[in-house]
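Chemist: Supplied in structure tokens, the structure appears directly below.
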Amino acid sequence: MIDQVRTAAHQNWDAFWNFHLGSWDGRWVRYNPLGEVSENFLSTRKFVSNTERSIIHQHNQYFYHDEQIIEKKWNYNIQDHCRDDGFMHPASDYMRGLAFANGSAAWLVPRCEAEQYFPIELFLASKNLRLSVGMLYDTSGELQRVACIREHRSNFGASPWCDSIQLVPKWNVEANWQGTSHVVDLDLSRSFFHDSFHLNHSAEDHEYFFPDNIVLRCPGKVPAHQAFTISALWRESDFQLKTISASYGSNSQLIDVRHQQFTQ
């Protein structure tokens with residue numbers, strides 16, 4: 001059993017770093033819970049590893065309109081940060097990363113604890129592009145802010161993402177989408193199955209329709225003693241749709257992270 005857990009942990013570690021290594025240029029836009037822009041700046045996030053990909057150096061730079069530059073650096077190593085419930089972020093020992101081979105991933109808290117901040121970041125990717133949506137819930141469980149980050153590899157050339165930062169009008173997500181669901185459970189076991197797209201959210205969920213066909217759904221407040229799901233969706237083209245979601249049970253513990261790919 002120990003060997004199986006270690007194998008799953010290393011598979012999860014490799015799934016993230018095999019895709020995300022390198023330098024990513026992007027734009028961060030943060031919004032208040034009403035969807036109003038509160039912050040907007042450019043960024044570079046760079047990930048460099050040793051040959052064995054057992055040591056990772058992360059260097060973030062944030063470029064603000066007033067010409068201020070803020071830098072943050074973190075170091076990961078497989079011995080300290082590759083855990084059997086996901087890989088640990090050096091900046092937060094209670095956050096974990098769960099990843100899929102194609103770049104989809106989630107930074108999240110395995111269990112929502114009372115009086116503890118609840119951050120989460122969900123990634124979707126396609127070759128030289130990636131996006132993430134982020135949320136932060138405060139210590140009372142109230143949604144404090146959301147964010148949309150659109151990035152491209154630094155050596156890719158000009159960004160194909162649009163320059164818009166304001167939320168766009170709601171558009172119809174539902175269609176005859178067919179594809180596959182890939183699932184990572186809390187113990188890092190993996191499964192996949194053929195699936196069709198369907199909405200699985202509470203009527204009270206907040207919806208944010210970002211530019212470039214990106215959608216976030218999340219509760220306005222973490223519900224007590226109720227299951228809930230947080231999800232991101234990207235309509236990559238008229239015929240391709242990707243989603244990633246994190247589902248929590250009524251005990252506030254993570255059930256699984258689910259990545260879906262659909263076509264029409």
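Chain labels run A, B, ... following the order of the structure tokens; each chain numbers its residues from 1, and ligands are numbered from 1 in the order shown.
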At a cut-off of 12 Å, using only C-alpha atoms, what residues contact Thr263 in chain A? Leave out same-chain residues fewer than 2 positions from it and give the result as a short mmCIF file (atom, residue, chain, number, x, y, z; two decimals) with N, CA and C atoms, in the first residue's frame.

Modeler:
```cif
data_model
loop_
_atom_site.label_atom_id
_atom_site.label_comp_id
_atom_site.auth_asym_id
_atom_site.auth_seq_id
_atom_site.Cartn_x
_atom_site.Cartn_y
_atom_site.Cartn_z
N ALA A 175 -25.09 22.73 -24.34
CA ALA A 175 -25.18 22.28 -25.73
C ALA A 175 -24.98 20.77 -25.71
N ASN A 176 -24.95 20.17 -26.86
CA ASN A 176 -24.79 18.72 -26.94
C ASN A 176 -23.30 18.36 -26.93
N TRP A 177 -22.68 18.58 -25.78
CA TRP A 177 -21.25 18.30 -25.63
C TRP A 177 -21.04 16.85 -25.17
N GLN A 178 -20.12 16.14 -25.85
CA GLN A 178 -19.80 14.76 -25.49
C GLN A 178 -18.29 14.64 -25.34
N GLY A 179 -17.85 13.80 -24.37
CA GLY A 179 -16.41 13.66 -24.19
C GLY A 179 -16.06 12.73 -23.05
N THR A 180 -15.04 13.12 -22.29
CA THR A 180 -14.54 12.27 -21.20
C THR A 180 -14.38 13.08 -19.92
N HIS A 194 -16.44 7.96 -20.17
CA HIS A 194 -17.11 8.78 -21.18
C HIS A 194 -18.27 9.51 -20.51
N ASP A 195 -18.51 10.75 -20.95
CA ASP A 195 -19.47 11.58 -20.24
C ASP A 195 -20.07 12.59 -21.20
N SER A 196 -21.17 13.20 -20.80
CA SER A 196 -21.76 14.32 -21.51
C SER A 196 -21.85 15.50 -20.56
N PHE A 197 -21.83 16.70 -21.10
CA PHE A 197 -21.81 17.89 -20.27
C PHE A 197 -23.18 18.14 -19.64
N ARG A 235 -14.56 27.56 -23.05
CA ARG A 235 -14.93 27.18 -24.41
C ARG A 235 -13.78 27.59 -25.32
N GLU A 236 -12.90 26.62 -25.53
CA GLU A 236 -11.66 26.89 -26.27
C GLU A 236 -11.94 27.28 -27.72
N SER A 237 -12.96 26.70 -28.31
CA SER A 237 -13.40 27.03 -29.66
C SER A 237 -14.89 26.72 -29.75
N ASP A 238 -15.46 26.93 -30.92
CA ASP A 238 -16.88 26.62 -31.09
C ASP A 238 -17.18 25.14 -30.90
N PHE A 239 -16.15 24.31 -31.03
CA PHE A 239 -16.37 22.87 -30.99
C PHE A 239 -15.63 22.17 -29.85
N GLN A 240 -14.97 22.94 -28.97
CA GLN A 240 -14.20 22.34 -27.89
C GLN A 240 -14.51 23.05 -26.57
N LEU A 241 -14.75 22.26 -25.54
CA LEU A 241 -15.08 22.77 -24.22
C LEU A 241 -14.28 22.00 -23.18
N LYS A 242 -13.70 22.72 -22.20
CA LYS A 242 -12.96 22.09 -21.11
C LYS A 242 -13.49 22.61 -19.79
N THR A 243 -13.54 21.74 -18.80
CA THR A 243 -13.94 22.15 -17.46
C THR A 243 -13.01 21.52 -16.43
N GLN A 260 -12.82 17.66 -17.42
CA GLN A 260 -13.63 17.16 -18.53
C GLN A 260 -13.23 17.84 -19.83
N GLN A 261 -13.26 17.06 -20.90
CA GLN A 261 -13.00 17.57 -22.24
C GLN A 261 -14.15 17.13 -23.14
#
```

Chemist: Mind the document's chain letters and residue numbers, and return as a ChimeraX atom specification the residues of range 45-178 of chain A that DSSP labels strand (DSSP E or B).

Modeler: /A:45-49,55-63,69-77,82-84,86-89,92-99,105-108,111,118-126,129-137,142-153,178

Chemist: Counting only C-alpha atoms, what is within 9 Å of Ser104 in chain A, bar same-chain residues fewer than 2 positions away, as a list in words?

Modeler: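 Residues near the query, excluding close chain neighbours: Phe16, Leu98, Ala99, Phe100, Ala101, Asn102, Ala106, Leu122, Phe123, Leu124, Ala125, Ser126, Arg130, Thr243, Ile244 and His259 of chain A.
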
Chemist: Would you mind listing what lies within 10 Å of Asn12 in chain A as number ranges by chain, with only C-alpha atoms counted and same-chain residues fewer than 5 positions away left out?

Modeler: A: 6-7, 17, 82-87, 97-101, 105, 184, 188-190

Chemist: Take the residues just selected and output them with N, CA and C atoms as a compact mmCIF listing (two decimals), in the first residue's frame.

Modeler:
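For reference, result16.txt as written:
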```
# COMPACT_ATOMS: atom_id res chain seq x y z
N ARG A 6 2.96 6.12 -2.81
CA ARG A 6 4.12 6.86 -3.31
C ARG A 6 4.05 6.98 -4.83
N THR A 7 3.68 5.92 -5.51
CA THR A 7 3.57 5.98 -6.96
C THR A 7 2.52 7.00 -7.38
N TRP A 17 4.38 19.20 -13.19
CA TRP A 17 5.64 19.83 -13.62
C TRP A 17 6.01 19.47 -15.05
N CYS A 82 6.17 16.62 -2.06
CA CYS A 82 5.39 15.61 -2.76
C CYS A 82 4.69 14.74 -1.71
N ARG A 83 3.41 14.97 -1.49
CA ARG A 83 2.66 14.30 -0.42
C ARG A 83 1.65 13.33 -1.00
N ASP A 84 1.15 12.44 -0.14
CA ASP A 84 0.20 11.44 -0.62
C ASP A 84 -1.21 11.99 -0.78
N ASP A 85 -1.42 13.29 -0.48
CA ASP A 85 -2.71 13.92 -0.75
C ASP A 85 -2.54 15.12 -1.70
N GLY A 86 -1.43 15.12 -2.47
CA GLY A 86 -1.14 16.19 -3.41
C GLY A 86 0.18 16.84 -3.08
N PHE A 87 0.69 17.68 -3.99
CA PHE A 87 1.96 18.33 -3.68
C PHE A 87 1.70 19.65 -2.96
N GLY A 97 -1.75 20.53 -4.41
CA GLY A 97 -1.96 20.57 -5.84
C GLY A 97 -2.32 19.19 -6.35
N LEU A 98 -3.37 19.11 -7.17
CA LEU A 98 -3.77 17.88 -7.85
C LEU A 98 -3.77 18.19 -9.34
N ALA A 99 -3.14 17.32 -10.14
CA ALA A 99 -2.88 17.68 -11.53
C ALA A 99 -3.20 16.56 -12.50
N PHE A 100 -3.48 16.97 -13.74
CA PHE A 100 -3.71 16.06 -14.86
C PHE A 100 -2.61 16.29 -15.89
N ALA A 101 -2.37 15.30 -16.73
CA ALA A 101 -1.22 15.34 -17.63
C ALA A 101 -1.29 16.46 -18.66
N ALA A 105 -5.28 21.49 -13.58
CA ALA A 105 -4.80 21.28 -12.22
C ALA A 105 -5.61 22.11 -11.25
N VAL A 184 -9.45 12.72 -10.16
CA VAL A 184 -8.45 12.42 -9.14
C VAL A 184 -9.12 12.52 -7.79
N LEU A 188 -5.50 10.41 -4.38
CA LEU A 188 -4.77 10.51 -5.65
C LEU A 188 -5.02 9.33 -6.58
N SER A 189 -5.99 8.48 -6.30
CA SER A 189 -6.37 7.45 -7.26
C SER A 189 -7.06 8.14 -8.45
N ARG A 190 -6.92 7.53 -9.63
CA ARG A 190 -7.38 8.15 -10.87
C ARG A 190 -8.34 7.24 -11.61
```

Chemist: Would you list the contacts of range 155-164 of chain A as a list of chain:residue names, taking every protein, DNA or RNA residue within 8 Å and counting only C-alpha atoms, but skipping same-chain residues closer than 5 positions in sequence?

Modeler: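 Final neighbour list, sorted by chain and number: A:Ser23, A:Asn128, A:Arg150, A:Pro211, A:Asp212.
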
Chemist: Considering only C-alpha atoms, can you say which of A:Ile55, A:Val222, A:Ile78, A:Val48 comes closest to Ser247 in chain A?

Modeler: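 For Ser247 in chain A, the nearest of the given residues is A:Val222.
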
Chemist: What does the distance from CA of Trp24 in chain A to CA of Arg45 in chain A come to in Å, to one decimal?

Modeler: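 Between these atoms lies a distance of 5.1 Å.
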
Chemist: Have a look at A:Leu143, A:Cys112, A:Met95, A:Val29 and name the one nearest to Gly249 in chain A; count only C-alpha atoms.

Modeler: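 Smallest distance to Gly249 in chain A is found for A:Cys112.
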
Chemist: Please give the complete set of residues from range 19-142 of chain A that DSSP, run on the backbone, assigns to helix (DSSP H, G or I), formatted as an MDAnalysis selection string.

Modeler: chainID A and resid 19:20 78:81

Chemist: Between A:Pro169, A:Gly134, A:Gly103, A:Pro33, single out the one closest to Phe19 in chain A, counting only C-alpha atoms.

Modeler: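 Ranking A:Pro169, A:Gly134, A:Gly103, A:Pro33 by distance to Phe19 in chain A, first place goes to A:Gly103.
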
Chemist: So which one's closest to Glu142 in chain A, A:Asn251, A:Asn32, A:Gln61, A:Gln166? Using only C-alpha atoms, please.

Modeler: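 Under the stated criterion, the closest residue is A:Asn32.
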
Chemist: Provide the CA of Ser231 in chain A to CA of His198 in chain A distance in Å, to one decimal place.

Modeler: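 Separation of CA of Ser231 in chain A and CA of His198 in chain A: 12.4 Å.
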
Chemist: So how many Å separate CA of Ser92 in chain A and CA of Ser49 in chain A, to one decimal?

Modeler: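 Spanning CA of Ser92 in chain A to CA of Ser49 in chain A is a straight-line distance of 20.3 Å.
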
Chemist: I'd like to know which of A:Ala224, A:Leu167, A:Ile230, A:Cys148 is closest to Asp205 in chain A, using only C-alpha atoms.

Modeler: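 Nearest to Asp205 in chain A: A:Ile230.
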
Chemist: So, counting only C-alpha atoms, which residue among A:Ala8, A:Leu233, A:Val146, A:Leu21 is closest to Lys46 in chain A?

Modeler: A:Leu21
